[in-house]
Amino acid sequence: MKITVVVASEKHLRYVQDINGAIDNAARARGTGIARRTDEYIADKISRGKAIIALNREEFVGFCYIESWGHQKFVANSGLIVKESYRGLGIAKQIKKAAFDLSRTRFPDAKLFGLTTGEQVMRINTSLGYVPVTFAKLTDDEEFWAGCKSCVNYDILLRTNMTKCLCTGMIYDPAEHREVRKKSSPLGKLLKKFA
């Protein structure tokens with residue numbers, strides 16, 4: 001086994017149907033909502049360098065993509081999937097970390113966020129510095145929330161006026177992390193002492 005996790009490019013377009021197939025299989029197996037994207041949407045993310053793909057040599061293993069919302073104030077890492085036969089090997093964490101790094105590189109000042117029903121994704125997000133938040137702290141970009149329409153739980157989101165669902169919202173705010181680093185640095189401690 002030789003797993004590589006890379007930023008996807010046009011040479012990876014041949015995996016689009018495998019990616020959506022893996023998302024469909026996971027949604028059926030979990031019985032919870034996973035918003036499905038069209039093949040064209042996934043292909044666009046790959047073509048624009050806004051996706052991470054994991055391969056075992058030439059075999060598709062896993063995927064995640066990024067998208068900016070609210071005039072690039074927010075970036076979502078979405079569509080995290082690992083084929084069932086490769087789960088439990090830490091690949092999801094590698095993909096999520098690569099998506100996190102790609103997001104921070106392309107959108108350094110944006111708040112990173114995600115919605116998930118998966119405990120493992122919540123643990124990975126927490127290890128990256130995300131915290132759980134109410135939906136009110138996430139983007140209000142209607143186009144983002146329209147992406148939830150393909151989820152089996154969309155009616156819950158509608159009934160709660162877009163404030164709650166089965167998903168947990170999580171966010172990483174780079175401004176808060178800069179503040180924490182500043183306070184914990186030797187200079188930050190010295191400045192605090194004299195403030």
# chains A, B, ... in the order shown; residues from 1 in each chain; ligands from 1
>>> residues_around(residues="Asn20 (chain A)", least_positions_apart="2", cutoff="8 Å", atoms="only C-alpha atoms", output="PyMOL selection string")
chain A and resi 16-18+22-24+36-39
>>> residues_around(residues="region 123-128 of chain A", least_positions_apart="3", cutoff="9 Å", atoms="only C-alpha atoms", output="number ranges by chain")
A: 92-93, 96-97, 100, 114, 118-120, 131-132, 170-172
>>> closest_residue(among="A:Ile19, A:Leu157, A:Leu138, A:Met162", to="Glu59 (chain A)", atoms="only C-alpha atoms")
A:Ile19
>>> select_by_dssp(residues="region 4-151 of chain A", states="strand (DSSP E or B)", output="ChimeraX atom specification")
/A:4-7,51-56,59-69,74-82,111-116,131-133
>>> residues_around(residues="Thr117 (chain A)", least_positions_apart="6", cutoff="7 Å", atoms="only C-alpha atoms", output="list in words")
Leu166, Cys167 and Thr168 of chain A
>>> atom_distance(atom1="CA of Ile3 (chain A)", atom2="CA of Ile52 (chain A)")
12.8 Å
>>> select_by_dssp(residues="chain A", states="alpha helix (DSSP H)", output="ChimeraX atom specification")
/A:16-30,39-47,91-106,119-128,142-146,154-159,174-184,186-193
>>> write_last_selection(atoms="C-alpha atoms", output="compact mmCIF listing (two decimals), in the first residue's frame")
# COMPACT_ATOMS: atom_id res chain seq x y z
CA VAL A 16 -15.19 12.04 -10.10
CA GLN A 17 -17.68 9.17 -10.37
CA ASP A 18 -15.70 7.12 -7.81
CA ILE A 19 -15.87 10.09 -5.41
CA ASN A 20 -19.63 10.53 -5.75
CA GLY A 21 -20.13 6.77 -5.54
CA ALA A 22 -18.20 6.67 -2.25
CA ILE A 23 -20.29 9.58 -0.90
CA ASP A 24 -23.52 7.78 -1.86
CA ASN A 25 -22.36 4.52 -0.26
CA ALA A 26 -21.41 6.29 2.96
CA ALA A 27 -24.76 8.11 3.11
CA ARG A 28 -26.66 4.83 2.72
CA ALA A 29 -24.50 2.99 5.26
CA ARG A 30 -24.72 5.75 7.88
CA ASP A 39 -20.23 15.28 -10.95
CA GLU A 40 -19.76 18.72 -12.56
CA TYR A 41 -19.43 20.40 -9.14
CA ILE A 42 -16.77 17.90 -7.99
CA ALA A 43 -14.96 18.23 -11.34
CA ASP A 44 -14.91 22.01 -10.96
CA LYS A 45 -13.31 21.78 -7.51
CA ILE A 46 -10.67 19.40 -8.86
CA SER A 47 -9.95 21.55 -11.93
CA ILE A 91 -6.34 8.73 6.00
CA ALA A 92 -9.28 11.00 6.86
CA LYS A 93 -7.04 12.96 9.22
CA GLN A 94 -4.38 13.33 6.51
CA ILE A 95 -6.98 14.54 3.99
CA LYS A 96 -8.56 16.95 6.47
CA LYS A 97 -5.14 18.36 7.45
CA ALA A 98 -4.25 18.86 3.77
CA ALA A 99 -7.61 20.61 3.16
CA PHE A 100 -6.99 22.76 6.25
CA ASP A 101 -3.52 23.74 4.97
CA LEU A 102 -4.86 24.45 1.47
CA SER A 103 -7.62 26.64 2.94
CA ARG A 104 -5.18 28.56 5.15
CA THR A 105 -2.84 29.10 2.18
CA ARG A 106 -5.48 30.26 -0.29
CA GLU A 119 -17.79 11.87 15.58
CA GLN A 120 -14.45 11.13 13.88
CA VAL A 121 -14.65 14.35 11.83
CA MET A 122 -15.45 16.29 15.02
CA ARG A 123 -12.33 14.82 16.67
CA ILE A 124 -10.18 15.68 13.64
CA ASN A 125 -11.59 19.22 13.50
CA THR A 126 -10.95 19.68 17.21
CA SER A 127 -7.33 18.58 16.79
CA LEU A 128 -6.96 21.29 14.09
CA GLU A 142 -27.63 31.49 0.94
CA GLU A 143 -25.73 29.59 -1.74
CA PHE A 144 -23.91 27.57 0.94
CA TRP A 145 -27.14 26.60 2.68
CA ALA A 146 -28.72 25.71 -0.67
CA TYR A 154 -32.93 19.30 4.97
CA ASP A 155 -36.51 19.44 6.28
CA ILE A 156 -35.12 19.74 9.84
CA LEU A 157 -33.03 22.72 8.80
CA LEU A 158 -36.09 24.35 7.23
CA ARG A 159 -38.33 23.65 10.24
CA PRO A 174 -7.53 32.43 12.52
CA ALA A 175 -7.86 35.75 14.37
CA GLU A 176 -8.47 33.92 17.66
CA HIS A 177 -5.48 31.65 17.05
CA ARG A 178 -3.22 34.63 16.29
CA GLU A 179 -4.36 36.19 19.57
CA VAL A 180 -3.61 32.99 21.51
CA ARG A 181 -0.13 32.71 19.93
CA LYS A 182 0.56 36.37 20.70
CA LYS A 183 -0.45 35.95 24.36
CA SER A 184 1.58 32.77 24.81
CA PRO A 186 7.53 35.51 25.33
CA LEU A 187 6.95 39.00 23.87
CA GLY A 188 3.20 38.68 24.38
CA LYS A 189 3.71 37.69 28.03
CA LEU A 190 6.07 40.61 28.56
CA LEU A 191 3.62 43.09 26.96
CA LYS A 192 0.77 41.70 29.08
CA LYS A 193 2.90 42.15 32.22
>>> closest_residue(among="A:Val61, A:Val152, A:Ile53, A:Ala110", to="Lys73 (chain A)", atoms="only C-alpha atoms")
A:Ala110
>>> closest_residue(among="A:Asn161, A:Ile66, A:Phe107, A:Leu89", to="Ala136 (chain A)", atoms="only C-alpha atoms")
A:Asn161
>>> closest_residue(among="A:Leu112, A:Arg57, A:Thr134, A:Cys151", to="Asp173 (chain A)", atoms="only C-alpha atoms")
A:Leu112
>>> decode(residues="region 130-157 of chain A", atoms="N, CA and C atoms", output="short mmCIF file (atom, residue, chain, number, x, y, z; two decimals), in the first residue's frame")
data_model
loop_
_atom_site.label_atom_id
_atom_site.label_comp_id
_atom_site.auth_asym_id
_atom_site.auth_seq_id
_atom_site.Cartn_x
_atom_site.Cartn_y
_atom_site.Cartn_z
N TYR A 130 -10.58 23.70 15.54
CA TYR A 130 -11.99 24.07 15.37
C TYR A 130 -12.72 23.94 16.71
N VAL A 131 -13.77 24.73 16.87
CA VAL A 131 -14.65 24.62 18.05
C VAL A 131 -16.10 24.53 17.57
N PRO A 132 -16.95 23.83 18.33
CA PRO A 132 -18.38 23.78 17.96
C PRO A 132 -19.02 25.14 18.15
N VAL A 133 -19.91 25.51 17.23
CA VAL A 133 -20.62 26.79 17.30
C VAL A 133 -22.06 26.60 16.83
N THR A 134 -22.88 27.59 17.14
CA THR A 134 -24.24 27.59 16.61
C THR A 134 -24.18 27.96 15.13
N PHE A 135 -25.22 27.61 14.41
CA PHE A 135 -25.26 27.92 12.98
C PHE A 135 -25.20 29.43 12.73
N ALA A 136 -25.63 30.24 13.69
CA ALA A 136 -25.62 31.70 13.53
C ALA A 136 -24.20 32.24 13.35
N LYS A 137 -23.18 31.49 13.81
CA LYS A 137 -21.80 31.95 13.69
C LYS A 137 -21.17 31.52 12.37
N LEU A 138 -21.90 30.75 11.58
CA LEU A 138 -21.41 30.30 10.28
C LEU A 138 -21.82 31.30 9.21
N THR A 139 -21.43 31.07 8.00
CA THR A 139 -21.77 31.98 6.91
C THR A 139 -23.29 32.11 6.75
N ASP A 140 -23.72 33.30 6.35
CA ASP A 140 -25.14 33.49 6.03
C ASP A 140 -25.35 33.45 4.52
N ASP A 141 -24.33 33.02 3.79
CA ASP A 141 -24.39 32.93 2.34
C ASP A 141 -25.45 31.89 1.94
N GLU A 142 -26.51 32.37 1.31
CA GLU A 142 -27.63 31.49 0.94
C GLU A 142 -27.21 30.36 0.01
N GLU A 143 -26.20 30.62 -0.80
CA GLU A 143 -25.73 29.59 -1.74
C GLU A 143 -25.13 28.40 -0.99
N PHE A 144 -24.44 28.68 0.13
CA PHE A 144 -23.91 27.57 0.94
C PHE A 144 -25.05 26.71 1.46
N TRP A 145 -26.04 27.35 2.07
CA TRP A 145 -27.14 26.60 2.68
C TRP A 145 -27.99 25.89 1.63
N ALA A 146 -28.00 26.39 0.41
CA ALA A 146 -28.72 25.71 -0.67
C ALA A 146 -28.08 24.35 -0.95
N GLY A 147 -26.80 24.22 -0.66
CA GLY A 147 -26.12 22.93 -0.84
C GLY A 147 -26.65 21.85 0.07
N CYS A 148 -27.33 22.24 1.13
CA CYS A 148 -27.91 21.26 2.07
C CYS A 148 -29.19 20.63 1.53
N LYS A 149 -29.73 21.19 0.45
CA LYS A 149 -31.00 20.69 -0.08
C LYS A 149 -30.97 19.23 -0.47
N SER A 150 -29.80 18.72 -0.86
CA SER A 150 -29.72 17.32 -1.27
C SER A 150 -29.56 16.37 -0.08
N CYS A 151 -29.51 16.91 1.13
CA CYS A 151 -29.38 16.09 2.34
C CYS A 151 -30.75 15.59 2.78
N VAL A 152 -30.80 14.37 3.28
CA VAL A 152 -32.09 13.80 3.73
C VAL A 152 -32.66 14.55 4.93
N ASN A 153 -31.84 15.32 5.62
CA ASN A 153 -32.29 16.04 6.81
C ASN A 153 -32.63 17.51 6.55
N TYR A 154 -32.70 17.90 5.30
CA TYR A 154 -32.93 19.30 4.97
C TYR A 154 -34.22 19.83 5.58
N ASP A 155 -35.24 18.98 5.70
CA ASP A 155 -36.51 19.44 6.28
C ASP A 155 -36.33 19.91 7.73
N ILE A 156 -35.38 19.31 8.46
CA ILE A 156 -35.12 19.74 9.84
C ILE A 156 -34.55 21.16 9.83
N LEU A 157 -33.63 21.39 8.92
CA LEU A 157 -33.03 22.72 8.80
C LEU A 157 -34.09 23.77 8.47
#
